[in-house]
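Student: Next comes the structure file query.cif, holding mmCIF, N, CA, C and O atoms.
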```cif
data_upload
#
loop_
_atom_site.label_atom_id
_atom_site.label_comp_id
_atom_site.auth_asym_id
_atom_site.auth_seq_id
_atom_site.Cartn_x
_atom_site.Cartn_y
_atom_site.Cartn_z
N MET A 1 27.73 -67.62 116.23
CA MET A 1 27.86 -67.11 114.88
C MET A 1 28.70 -68.08 114.06
O MET A 1 29.67 -68.64 114.52
N ILE A 2 28.32 -68.26 112.83
CA ILE A 2 29.02 -69.18 111.93
C ILE A 2 30.16 -68.44 111.27
O ILE A 2 29.96 -67.36 110.71
N PRO A 3 31.39 -69.00 111.32
CA PRO A 3 32.52 -68.33 110.68
C PRO A 3 32.30 -68.22 109.17
O PRO A 3 31.64 -69.04 108.56
N GLY A 4 32.85 -67.19 108.58
CA GLY A 4 32.78 -67.01 107.13
C GLY A 4 31.54 -66.26 106.68
O GLY A 4 31.00 -66.55 105.62
N GLY A 5 31.05 -65.33 107.49
CA GLY A 5 29.95 -64.50 107.05
C GLY A 5 28.58 -65.08 107.32
O GLY A 5 27.60 -64.64 106.74
N GLY A 6 28.47 -66.09 108.16
CA GLY A 6 27.17 -66.61 108.54
C GLY A 6 26.60 -67.64 107.57
O GLY A 6 25.48 -68.07 107.75
N GLN A 7 27.30 -68.02 106.56
CA GLN A 7 26.81 -69.02 105.61
C GLN A 7 27.15 -70.42 106.14
O GLN A 7 28.28 -70.67 106.52
N PRO A 8 26.17 -71.33 106.13
CA PRO A 8 26.48 -72.70 106.57
C PRO A 8 27.43 -73.37 105.58
O PRO A 8 27.43 -73.06 104.40
N ASN A 9 28.22 -74.25 106.09
CA ASN A 9 29.17 -75.00 105.27
C ASN A 9 28.37 -76.02 104.45
O ASN A 9 27.87 -77.01 104.98
N MET A 10 28.24 -75.78 103.16
CA MET A 10 27.43 -76.65 102.30
C MET A 10 27.98 -78.07 102.25
O MET A 10 27.22 -79.02 102.22
N GLN A 11 29.30 -78.21 102.25
CA GLN A 11 29.90 -79.55 102.23
C GLN A 11 29.49 -80.32 103.48
O GLN A 11 29.15 -81.49 103.40
N GLN A 12 29.52 -79.64 104.61
CA GLN A 12 29.15 -80.28 105.87
C GLN A 12 27.67 -80.66 105.86
O GLN A 12 27.30 -81.75 106.30
N LEU A 13 26.82 -79.79 105.34
CA LEU A 13 25.40 -80.09 105.26
C LEU A 13 25.14 -81.28 104.34
O LEU A 13 24.32 -82.15 104.65
N LEU A 14 25.84 -81.35 103.22
CA LEU A 14 25.69 -82.47 102.30
C LEU A 14 26.13 -83.77 102.96
O LEU A 14 25.49 -84.81 102.80
N GLN A 15 27.22 -83.73 103.70
CA GLN A 15 27.71 -84.92 104.39
C GLN A 15 26.69 -85.41 105.42
O GLN A 15 26.44 -86.60 105.54
N GLN A 16 26.10 -84.45 106.16
CA GLN A 16 25.09 -84.81 107.15
C GLN A 16 23.87 -85.44 106.47
O GLN A 16 23.32 -86.43 106.95
N ALA A 17 23.45 -84.86 105.36
CA ALA A 17 22.30 -85.39 104.63
C ALA A 17 22.58 -86.79 104.10
O ALA A 17 21.73 -87.68 104.18
N GLN A 18 23.78 -87.01 103.58
CA GLN A 18 24.14 -88.33 103.07
C GLN A 18 24.19 -89.36 104.20
O GLN A 18 23.75 -90.50 104.03
N LYS A 19 24.70 -88.95 105.35
CA LYS A 19 24.77 -89.85 106.50
C LYS A 19 23.36 -90.23 106.95
O LYS A 19 23.08 -91.40 107.20
N MET A 20 22.46 -89.26 107.00
CA MET A 20 21.09 -89.53 107.42
C MET A 20 20.39 -90.41 106.39
O MET A 20 19.62 -91.30 106.74
N GLN A 21 20.67 -90.19 105.13
CA GLN A 21 20.08 -91.00 104.07
C GLN A 21 20.55 -92.45 104.20
O GLN A 21 19.77 -93.39 104.05
N GLN A 22 21.82 -92.64 104.51
CA GLN A 22 22.37 -93.99 104.69
C GLN A 22 21.74 -94.65 105.91
O GLN A 22 21.38 -95.83 105.87
N GLN A 23 21.57 -93.90 107.00
CA GLN A 23 20.95 -94.45 108.20
C GLN A 23 19.51 -94.86 107.92
O GLN A 23 19.05 -95.90 108.40
N LEU A 24 18.81 -94.05 107.15
CA LEU A 24 17.43 -94.36 106.80
C LEU A 24 17.37 -95.63 105.96
O LEU A 24 16.54 -96.52 106.22
N ALA A 25 18.24 -95.76 104.98
CA ALA A 25 18.28 -96.96 104.13
C ALA A 25 18.59 -98.20 104.98
O ALA A 25 17.97 -99.26 104.80
N GLU A 26 19.52 -98.08 105.92
CA GLU A 26 19.86 -99.21 106.79
C GLU A 26 18.68 -99.60 107.66
O GLU A 26 18.39 -100.78 107.85
N ALA A 27 17.97 -98.60 108.19
CA ALA A 27 16.81 -98.88 109.03
C ALA A 27 15.71 -99.56 108.21
O ALA A 27 15.06 -100.49 108.69
N GLN A 28 15.51 -99.12 106.98
CA GLN A 28 14.49 -99.74 106.12
C GLN A 28 14.86 -101.18 105.79
O GLN A 28 13.99 -102.06 105.76
N GLU A 29 16.14 -101.44 105.54
CA GLU A 29 16.59 -102.82 105.28
C GLU A 29 16.37 -103.70 106.50
O GLU A 29 15.94 -104.84 106.38
N GLU A 30 16.67 -103.16 107.67
CA GLU A 30 16.47 -103.91 108.91
C GLU A 30 14.99 -104.23 109.10
O GLU A 30 14.62 -105.35 109.47
N LEU A 31 14.12 -103.26 108.81
CA LEU A 31 12.68 -103.50 108.91
C LEU A 31 12.24 -104.61 107.96
O LEU A 31 11.42 -105.46 108.33
N ALA A 32 12.76 -104.60 106.76
CA ALA A 32 12.37 -105.61 105.76
C ALA A 32 12.77 -107.02 106.22
O ALA A 32 12.13 -108.00 105.85
N ARG A 33 13.82 -107.12 107.06
CA ARG A 33 14.29 -108.42 107.53
C ARG A 33 13.64 -108.85 108.86
O ARG A 33 13.80 -109.99 109.28
N THR A 34 12.95 -107.94 109.52
CA THR A 34 12.43 -108.23 110.85
C THR A 34 11.01 -108.79 110.77
O THR A 34 10.10 -108.11 110.31
N PRO A 35 10.80 -110.04 111.23
CA PRO A 35 9.45 -110.59 111.22
C PRO A 35 8.63 -110.06 112.40
O PRO A 35 9.15 -109.89 113.50
N VAL A 36 7.35 -109.78 112.14
CA VAL A 36 6.43 -109.29 113.16
C VAL A 36 5.17 -110.15 113.06
O VAL A 36 4.67 -110.39 111.96
N GLU A 37 4.67 -110.60 114.21
CA GLU A 37 3.49 -111.46 114.21
C GLU A 37 2.26 -110.74 114.74
O GLU A 37 2.36 -109.83 115.55
N GLY A 38 1.13 -111.19 114.26
CA GLY A 38 -0.15 -110.75 114.76
C GLY A 38 -1.06 -111.97 114.81
O GLY A 38 -0.85 -112.93 114.06
N SER A 39 -2.05 -111.94 115.69
CA SER A 39 -2.92 -113.11 115.78
C SER A 39 -4.36 -112.69 116.04
O SER A 39 -4.63 -111.54 116.39
N ALA A 40 -5.25 -113.64 115.86
CA ALA A 40 -6.66 -113.42 116.11
C ALA A 40 -7.29 -114.72 116.59
O ALA A 40 -6.73 -115.81 116.38
N GLY A 41 -8.44 -114.59 117.22
CA GLY A 41 -9.14 -115.79 117.68
C GLY A 41 -8.38 -116.54 118.75
O GLY A 41 -8.41 -117.76 118.77
N GLY A 42 -7.69 -115.81 119.60
CA GLY A 42 -6.92 -116.48 120.65
C GLY A 42 -5.80 -117.34 120.12
O GLY A 42 -5.45 -118.35 120.71
N GLY A 43 -5.25 -116.95 118.97
CA GLY A 43 -4.13 -117.68 118.38
C GLY A 43 -4.56 -118.70 117.34
O GLY A 43 -3.71 -119.44 116.83
N LEU A 44 -5.85 -118.74 116.98
CA LEU A 44 -6.30 -119.68 115.95
C LEU A 44 -5.71 -119.33 114.59
O LEU A 44 -5.48 -120.22 113.78
N VAL A 45 -5.48 -118.04 114.37
CA VAL A 45 -4.86 -117.59 113.12
C VAL A 45 -3.71 -116.66 113.49
O VAL A 45 -3.88 -115.74 114.28
N THR A 46 -2.53 -116.93 112.93
CA THR A 46 -1.35 -116.10 113.16
C THR A 46 -0.79 -115.68 111.82
O THR A 46 -0.57 -116.51 110.94
N ALA A 47 -0.58 -114.38 111.69
CA ALA A 47 0.00 -113.82 110.47
C ALA A 47 1.39 -113.29 110.80
O ALA A 47 1.61 -112.71 111.86
N THR A 48 2.32 -113.48 109.88
CA THR A 48 3.67 -112.93 110.03
C THR A 48 3.90 -111.97 108.86
O THR A 48 3.69 -112.34 107.71
N VAL A 49 4.30 -110.75 109.21
CA VAL A 49 4.64 -109.76 108.19
C VAL A 49 6.06 -109.28 108.46
O VAL A 49 6.59 -109.44 109.56
N SER A 50 6.67 -108.70 107.44
CA SER A 50 7.97 -108.07 107.66
C SER A 50 7.71 -106.76 108.39
O SER A 50 6.58 -106.27 108.42
N GLY A 51 8.75 -106.20 108.96
CA GLY A 51 8.62 -104.90 109.62
C GLY A 51 8.17 -103.83 108.66
O GLY A 51 7.68 -102.78 109.06
N ALA A 52 8.31 -104.08 107.36
CA ALA A 52 7.86 -103.14 106.34
C ALA A 52 6.40 -103.40 105.96
O ALA A 52 5.84 -102.68 105.15
N GLY A 53 5.77 -104.45 106.53
CA GLY A 53 4.36 -104.71 106.31
C GLY A 53 4.04 -105.72 105.23
O GLY A 53 2.88 -105.91 104.89
N GLU A 54 5.03 -106.43 104.71
CA GLU A 54 4.80 -107.43 103.67
C GLU A 54 4.41 -108.76 104.31
O GLU A 54 5.13 -109.29 105.16
N LEU A 55 3.26 -109.30 103.91
CA LEU A 55 2.80 -110.58 104.45
C LEU A 55 3.77 -111.69 104.06
O LEU A 55 4.09 -111.87 102.89
N GLN A 56 4.27 -112.42 105.06
CA GLN A 56 5.26 -113.47 104.81
C GLN A 56 4.76 -114.86 105.17
O GLN A 56 5.28 -115.85 104.67
N GLY A 57 3.80 -114.93 106.07
CA GLY A 57 3.32 -116.25 106.47
C GLY A 57 1.97 -116.17 107.13
O GLY A 57 1.58 -115.14 107.67
N LEU A 58 1.25 -117.29 107.09
CA LEU A 58 -0.07 -117.37 107.68
C LEU A 58 -0.24 -118.78 108.22
O LEU A 58 -0.06 -119.76 107.49
N VAL A 59 -0.57 -118.90 109.50
CA VAL A 59 -0.78 -120.20 110.13
C VAL A 59 -2.22 -120.25 110.62
O VAL A 59 -2.66 -119.35 111.35
N ILE A 60 -2.94 -121.29 110.20
CA ILE A 60 -4.34 -121.45 110.58
C ILE A 60 -4.48 -122.75 111.36
O ILE A 60 -4.18 -123.83 110.82
N ASP A 61 -4.92 -122.65 112.58
CA ASP A 61 -5.17 -123.83 113.40
C ASP A 61 -6.35 -124.59 112.78
O ASP A 61 -7.36 -123.97 112.43
N PRO A 62 -6.24 -125.91 112.66
CA PRO A 62 -7.35 -126.68 112.07
C PRO A 62 -8.69 -126.46 112.79
O PRO A 62 -9.75 -126.58 112.18
N LYS A 63 -8.65 -126.11 114.07
CA LYS A 63 -9.89 -125.87 114.81
C LYS A 63 -10.64 -124.66 114.26
O LYS A 63 -11.83 -124.51 114.49
N ALA A 64 -9.93 -123.78 113.54
CA ALA A 64 -10.57 -122.58 112.99
C ALA A 64 -11.28 -122.86 111.68
O ALA A 64 -12.03 -122.02 111.18
N VAL A 65 -11.07 -124.04 111.11
CA VAL A 65 -11.62 -124.36 109.80
C VAL A 65 -12.95 -125.09 109.94
O VAL A 65 -13.00 -126.22 110.42
N ASP A 66 -14.00 -124.41 109.55
CA ASP A 66 -15.34 -124.99 109.53
C ASP A 66 -15.90 -124.77 108.14
O ASP A 66 -16.20 -123.64 107.76
N PRO A 67 -16.03 -125.84 107.34
CA PRO A 67 -16.52 -125.68 105.97
C PRO A 67 -17.88 -125.00 105.88
O PRO A 67 -18.22 -124.40 104.88
N GLU A 68 -18.64 -125.06 106.96
CA GLU A 68 -19.96 -124.42 106.98
C GLU A 68 -19.88 -122.93 107.32
O GLU A 68 -20.86 -122.22 107.21
N ASP A 69 -18.70 -122.47 107.80
CA ASP A 69 -18.58 -121.08 108.24
C ASP A 69 -17.24 -120.50 107.80
O ASP A 69 -16.37 -120.20 108.62
N THR A 70 -17.08 -120.31 106.51
CA THR A 70 -15.83 -119.75 106.00
C THR A 70 -15.74 -118.25 106.28
O THR A 70 -14.64 -117.69 106.27
N GLU A 71 -16.88 -117.60 106.53
CA GLU A 71 -16.87 -116.16 106.83
C GLU A 71 -16.07 -115.87 108.10
O GLU A 71 -15.29 -114.91 108.15
N THR A 72 -16.26 -116.67 109.13
CA THR A 72 -15.54 -116.45 110.39
C THR A 72 -14.05 -116.65 110.17
O THR A 72 -13.23 -115.88 110.68
N LEU A 73 -13.68 -117.65 109.40
CA LEU A 73 -12.26 -117.88 109.11
C LEU A 73 -11.67 -116.67 108.37
O LEU A 73 -10.58 -116.21 108.71
N ALA A 74 -12.39 -116.17 107.39
CA ALA A 74 -11.92 -114.99 106.65
C ALA A 74 -11.76 -113.80 107.59
O ALA A 74 -10.76 -113.06 107.51
N ASP A 75 -12.70 -113.62 108.51
CA ASP A 75 -12.60 -112.52 109.48
C ASP A 75 -11.38 -112.69 110.38
O ASP A 75 -10.68 -111.72 110.69
N LEU A 76 -11.12 -113.93 110.81
CA LEU A 76 -9.95 -114.19 111.66
C LEU A 76 -8.65 -113.89 110.90
O LEU A 76 -7.71 -113.32 111.47
N ILE A 77 -8.61 -114.26 109.63
CA ILE A 77 -7.41 -114.01 108.83
C ILE A 77 -7.19 -112.50 108.69
O ILE A 77 -6.08 -112.00 108.90
N LEU A 78 -8.25 -111.77 108.35
CA LEU A 78 -8.13 -110.31 108.22
C LEU A 78 -7.67 -109.68 109.54
O LEU A 78 -6.80 -108.80 109.55
N ALA A 79 -8.25 -110.14 110.64
CA ALA A 79 -7.89 -109.57 111.95
C ALA A 79 -6.42 -109.86 112.28
O ALA A 79 -5.71 -108.98 112.80
N ALA A 80 -5.95 -111.07 111.97
CA ALA A 80 -4.55 -111.42 112.26
C ALA A 80 -3.60 -110.58 111.41
O ALA A 80 -2.58 -110.09 111.91
N VAL A 81 -3.93 -110.40 110.14
CA VAL A 81 -3.07 -109.59 109.26
C VAL A 81 -3.08 -108.13 109.71
O VAL A 81 -2.03 -107.49 109.76
N ARG A 82 -4.24 -107.62 110.07
CA ARG A 82 -4.31 -106.23 110.57
C ARG A 82 -3.50 -106.07 111.85
O ARG A 82 -2.82 -105.06 112.04
N ASP A 83 -3.58 -107.05 112.73
CA ASP A 83 -2.83 -107.00 113.99
C ASP A 83 -1.32 -107.00 113.71
O ASP A 83 -0.57 -106.22 114.30
N ALA A 84 -0.89 -107.85 112.79
CA ALA A 84 0.53 -107.89 112.43
C ALA A 84 0.96 -106.58 111.80
O ALA A 84 2.04 -106.06 112.10
N ASN A 85 0.14 -106.02 110.92
CA ASN A 85 0.48 -104.74 110.28
C ASN A 85 0.53 -103.60 111.28
O ASN A 85 1.38 -102.71 111.17
N ALA A 86 -0.34 -103.61 112.28
CA ALA A 86 -0.30 -102.59 113.32
C ALA A 86 1.01 -102.67 114.09
O ALA A 86 1.65 -101.65 114.39
N SER A 87 1.45 -103.90 114.39
CA SER A 87 2.73 -104.08 115.07
C SER A 87 3.89 -103.63 114.19
O SER A 87 4.86 -103.03 114.66
N ALA A 88 3.79 -103.91 112.89
CA ALA A 88 4.84 -103.48 111.95
C ALA A 88 4.90 -101.95 111.89
O ALA A 88 5.99 -101.38 111.84
N GLN A 89 3.75 -101.29 111.93
CA GLN A 89 3.75 -99.82 111.89
C GLN A 89 4.38 -99.24 113.15
O GLN A 89 5.09 -98.24 113.09
N GLN A 90 4.12 -99.87 114.29
CA GLN A 90 4.77 -99.43 115.53
C GLN A 90 6.28 -99.58 115.42
O GLN A 90 7.03 -98.70 115.84
N LEU A 91 6.73 -100.70 114.86
CA LEU A 91 8.16 -100.93 114.69
C LEU A 91 8.75 -99.89 113.73
O LEU A 91 9.84 -99.36 113.98
N GLN A 92 8.03 -99.58 112.66
CA GLN A 92 8.48 -98.55 111.72
C GLN A 92 8.64 -97.21 112.43
O GLN A 92 9.63 -96.50 112.23
N GLN A 93 7.67 -96.88 113.27
CA GLN A 93 7.72 -95.61 114.00
C GLN A 93 8.95 -95.57 114.92
O GLN A 93 9.63 -94.55 114.99
N GLN A 94 9.23 -96.69 115.57
CA GLN A 94 10.39 -96.75 116.47
C GLN A 94 11.69 -96.61 115.70
O GLN A 94 12.61 -95.92 116.14
N LYS A 95 11.79 -97.29 114.56
CA LYS A 95 13.04 -97.31 113.80
C LYS A 95 13.23 -96.07 112.93
O LYS A 95 14.34 -95.57 112.80
N LEU A 96 12.16 -95.61 112.30
CA LEU A 96 12.29 -94.54 111.33
C LEU A 96 11.89 -93.17 111.87
O LEU A 96 12.31 -92.15 111.34
N GLY A 97 11.08 -93.16 112.92
CA GLY A 97 10.61 -91.89 113.47
C GLY A 97 11.74 -90.93 113.84
O GLY A 97 11.73 -89.78 113.41
N PRO A 98 12.74 -91.38 114.60
CA PRO A 98 13.83 -90.47 114.95
C PRO A 98 14.60 -89.95 113.73
O PRO A 98 15.04 -88.82 113.70
N LEU A 99 14.73 -90.80 112.71
CA LEU A 99 15.43 -90.37 111.50
C LEU A 99 14.61 -89.32 110.76
O LEU A 99 15.16 -88.34 110.24
N ALA A 100 13.30 -89.50 110.72
CA ALA A 100 12.43 -88.54 110.04
C ALA A 100 12.48 -87.20 110.76
O ALA A 100 12.51 -86.14 110.13
N GLN A 101 12.50 -87.23 112.08
CA GLN A 101 12.58 -85.98 112.85
C GLN A 101 13.90 -85.27 112.57
O GLN A 101 13.95 -84.06 112.48
N GLY A 102 14.96 -86.04 112.41
CA GLY A 102 16.26 -85.47 112.11
C GLY A 102 16.31 -84.81 110.74
O GLY A 102 17.12 -83.93 110.49
N LEU A 103 15.39 -85.22 109.87
CA LEU A 103 15.33 -84.63 108.53
C LEU A 103 14.35 -83.46 108.49
O LEU A 103 14.03 -82.95 107.44
N GLY A 104 13.85 -83.07 109.67
CA GLY A 104 13.00 -81.90 109.72
C GLY A 104 11.52 -82.21 109.58
O GLY A 104 10.74 -81.36 109.21
N GLY A 105 11.10 -83.41 109.89
CA GLY A 105 9.68 -83.73 109.84
C GLY A 105 9.46 -85.07 109.19
O GLY A 105 10.38 -85.85 109.01
N GLY A 106 8.24 -85.31 108.83
CA GLY A 106 7.87 -86.57 108.21
C GLY A 106 8.45 -86.70 106.82
O GLY A 106 8.79 -85.73 106.16
N LEU A 107 8.56 -87.93 106.37
CA LEU A 107 9.05 -88.21 105.04
C LEU A 107 7.88 -88.61 104.16
O LEU A 107 7.02 -89.37 104.58
N PRO A 108 7.83 -88.14 102.93
CA PRO A 108 6.74 -88.52 102.05
C PRO A 108 6.70 -90.03 101.86
O PRO A 108 7.72 -90.67 101.70
N GLY A 109 5.48 -90.58 101.94
CA GLY A 109 5.32 -92.01 101.71
C GLY A 109 5.48 -92.86 102.95
O GLY A 109 5.24 -94.04 102.93
N LEU A 110 5.88 -92.26 104.07
CA LEU A 110 6.01 -93.02 105.31
C LEU A 110 4.86 -92.65 106.23
O LEU A 110 4.40 -91.51 106.25
N PRO A 111 4.37 -93.61 107.02
CA PRO A 111 3.14 -93.41 107.81
C PRO A 111 3.34 -92.61 109.09
O PRO A 111 2.77 -92.94 110.11
N PHE A 112 4.14 -91.55 109.08
CA PHE A 112 4.28 -90.72 110.28
C PHE A 112 4.68 -89.33 109.92
O PHE A 112 5.08 -89.01 108.85
#
```
For the file at hand, write its structure as structure tokens.
Tutor:
Amino acid sequence: MIPGGGQPNMQQLLQQAQKMQQQLAEAQEELARTPVEGSAGGGLVTATVSGAGELQGLVIDPKAVDPEDTETLADLILAAVRDANASAQQLQQQKLGPLAQGLGGGLPGLPF
């Protein structure tokens, strides 16, 4: 039983909410700084995204460049970026998932 007639301590609840909000902001900042790689074509194309999913770099092996077949190169680039984004989403789930659960479920705008 909660002392004082069963009412939760609003100050304590506000402090907990602020602490969780700060932890969430710190986790989001860490994600933005964390590079995540994805690749396609056995490493012919490598994409680097931030943990938040922002494309930061793209490396294309010269062997992947065929002026007669730019479609395959485009497909490799898309696959590498998708692979990197999938890894970034997994990282987001690891970093932000526990915080979202602590807030009573998913957070609007986050992919979980």
Student: Taking the file above as input, evaluate the PyMOL selection byres ((chain A and resi 58) around 5) and report the hits as number ranges by chain.
Tutor: A: 46-48, 56-57, 59-60
Student: With the PyMOL selection byres (((chain A and resi 45 and name CA) around 10) and name CA) as the selection, what would be picked from this file? Answer as a PyMOL selection string, please.
Tutor: chain A and resi 38-44+46-47+58-64+73-81
Student: Restricted to N, CA, C and O atoms, what would the selected residues look like written as a short mmCIF file (atom, residue, chain, number, x, y, z; two decimals), keeping the file's coordinate frame?
Tutor:
```cif
data_model
loop_
_atom_site.label_atom_id
_atom_site.label_comp_id
_atom_site.auth_asym_id
_atom_site.auth_seq_id
_atom_site.Cartn_x
_atom_site.Cartn_y
_atom_site.Cartn_z
N GLY A 38 1.13 -111.19 114.26
CA GLY A 38 -0.15 -110.75 114.76
C GLY A 38 -1.06 -111.97 114.81
O GLY A 38 -0.85 -112.93 114.06
N SER A 39 -2.05 -111.94 115.69
CA SER A 39 -2.92 -113.11 115.78
C SER A 39 -4.36 -112.69 116.04
O SER A 39 -4.63 -111.54 116.39
N ALA A 40 -5.25 -113.64 115.86
CA ALA A 40 -6.66 -113.42 116.11
C ALA A 40 -7.29 -114.72 116.59
O ALA A 40 -6.73 -115.81 116.38
N GLY A 41 -8.44 -114.59 117.22
CA GLY A 41 -9.14 -115.79 117.68
C GLY A 41 -8.38 -116.54 118.75
O GLY A 41 -8.41 -117.76 118.77
N GLY A 42 -7.69 -115.81 119.60
CA GLY A 42 -6.92 -116.48 120.65
C GLY A 42 -5.80 -117.34 120.12
O GLY A 42 -5.45 -118.35 120.71
N GLY A 43 -5.25 -116.95 118.97
CA GLY A 43 -4.13 -117.68 118.38
C GLY A 43 -4.56 -118.70 117.34
O GLY A 43 -3.71 -119.44 116.83
N LEU A 44 -5.85 -118.74 116.98
CA LEU A 44 -6.30 -119.68 115.95
C LEU A 44 -5.71 -119.33 114.59
O LEU A 44 -5.48 -120.22 113.78
N THR A 46 -2.53 -116.93 112.93
CA THR A 46 -1.35 -116.10 113.16
C THR A 46 -0.79 -115.68 111.82
O THR A 46 -0.57 -116.51 110.94
N ALA A 47 -0.58 -114.38 111.69
CA ALA A 47 0.00 -113.82 110.47
C ALA A 47 1.39 -113.29 110.80
O ALA A 47 1.61 -112.71 111.86
N LEU A 58 1.25 -117.29 107.09
CA LEU A 58 -0.07 -117.37 107.68
C LEU A 58 -0.24 -118.78 108.22
O LEU A 58 -0.06 -119.76 107.49
N VAL A 59 -0.57 -118.90 109.50
CA VAL A 59 -0.78 -120.20 110.13
C VAL A 59 -2.22 -120.25 110.62
O VAL A 59 -2.66 -119.35 111.35
N ILE A 60 -2.94 -121.29 110.20
CA ILE A 60 -4.34 -121.45 110.58
C ILE A 60 -4.48 -122.75 111.36
O ILE A 60 -4.18 -123.83 110.82
N ASP A 61 -4.92 -122.65 112.58
CA ASP A 61 -5.17 -123.83 113.40
C ASP A 61 -6.35 -124.59 112.78
O ASP A 61 -7.36 -123.97 112.43
N PRO A 62 -6.24 -125.91 112.66
CA PRO A 62 -7.35 -126.68 112.07
C PRO A 62 -8.69 -126.46 112.79
O PRO A 62 -9.75 -126.58 112.18
N LYS A 63 -8.65 -126.11 114.07
CA LYS A 63 -9.89 -125.87 114.81
C LYS A 63 -10.64 -124.66 114.26
O LYS A 63 -11.83 -124.51 114.49
N ALA A 64 -9.93 -123.78 113.54
CA ALA A 64 -10.57 -122.58 112.99
C ALA A 64 -11.28 -122.86 111.68
O ALA A 64 -12.03 -122.02 111.18
N LEU A 73 -13.68 -117.65 109.40
CA LEU A 73 -12.26 -117.88 109.11
C LEU A 73 -11.67 -116.67 108.37
O LEU A 73 -10.58 -116.21 108.71
N ALA A 74 -12.39 -116.17 107.39
CA ALA A 74 -11.92 -114.99 106.65
C ALA A 74 -11.76 -113.80 107.59
O ALA A 74 -10.76 -113.06 107.51
N ASP A 75 -12.70 -113.62 108.51
CA ASP A 75 -12.60 -112.52 109.48
C ASP A 75 -11.38 -112.69 110.38
O ASP A 75 -10.68 -111.72 110.69
N LEU A 76 -11.12 -113.93 110.81
CA LEU A 76 -9.95 -114.19 111.66
C LEU A 76 -8.65 -113.89 110.90
O LEU A 76 -7.71 -113.32 111.47
N ILE A 77 -8.61 -114.26 109.63
CA ILE A 77 -7.41 -114.01 108.83
C ILE A 77 -7.19 -112.50 108.69
O ILE A 77 -6.08 -112.00 108.90
N LEU A 78 -8.25 -111.77 108.35
CA LEU A 78 -8.13 -110.31 108.22
C LEU A 78 -7.67 -109.68 109.54
O LEU A 78 -6.80 -108.80 109.55
N ALA A 79 -8.25 -110.14 110.64
CA ALA A 79 -7.89 -109.57 111.95
C ALA A 79 -6.42 -109.86 112.28
O ALA A 79 -5.71 -108.98 112.80
N ALA A 80 -5.95 -111.07 111.97
CA ALA A 80 -4.55 -111.42 112.26
C ALA A 80 -3.60 -110.58 111.41
O ALA A 80 -2.58 -110.09 111.91
N VAL A 81 -3.93 -110.40 110.14
CA VAL A 81 -3.07 -109.59 109.26
C VAL A 81 -3.08 -108.13 109.71
O VAL A 81 -2.03 -107.49 109.76
#
```
Student: Using DSSP secondary structure from the backbone, list all alpha helix (DSSP H) positions within chain A, as number ranges by chain.
Tutor: A: 10-33, 70-102
Student: Distance atom C of Glu68 in chain A-CA of Asp83 in chain A, one decimal place?
Tutor: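 Interatomic distance, atom C of Glu68 in chain A to CA of Asp83 in chain A: 24.3 Å.
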Student: Using only C-alpha atoms, which residue out of A:Asp69, A:Gly53, A:Ser87, A:Gln92 lies closest to Ala27 in chain A?
Tutor: A:Gln92
Student: Counting all atoms listed in the file, which of A:Thr72, A:Lys19, A:Leu14, A:Ala52 gets nearest to Val36 in chain A?
Tutor: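 Counting all atoms listed in the file, the residue closest to Val36 in chain A is A:Ala52.
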Student: Do you know which residues are at most 8 Å from Leu91 in chain A counting all atoms listed in the file, after dropping those on the same chain fewer than 4 positions away, and could you put them as a list in words?
Tutor: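 Near neighbours after the sequence-gap exclusion: Ala27, Leu31, Gly51, Ala52, Ala84, Asn85, Ala86, Ser87, Lys95, Leu96 and Gly97 of chain A.
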Student: Would you mind writing down, as a list in words, each residue of chain A that DSSP on the backbone assigns to strand (DSSP E)?
Tutor: Pro35, Val36, Glu37, Gly38, Ser39, Ala40, Val45, Thr46, Ala47, Thr48, Val49, Ser50, Leu55, Gln56, Gly57, Leu58, Val59 and Ile60 of chain A
Student: For a test of reading the model, state the distance in Å between atom C of Gln21 in chain A and atom O of Pro98 in chain A, rounded to one decimal.
Tutor: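 Interatomic distance here is 11.6 Å.
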Student: If you measure from CA of Asn9 in chain A to atom N of Glu26 in chain A, what distance in Å do you get, rounded to one decimal?
Tutor: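 A separation of 25.0 Å between them.
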Student: Out of A:Glu37, A:Pro67, A:Leu99, A:Gln94, which residue has the shortest atom-to-atom distance to Arg82 in chain A when counting only C-alpha atoms?
Tutor: A:Glu37
Student: Which of these residues is nearest to Ala32 in chain A, using only N, CA, C and O atoms: A:Ser50, A:Thr70, A:Gln11, A:Gln93?
Tutor: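 Result for the nearest residue to Ala32 in chain A: A:Ser50.
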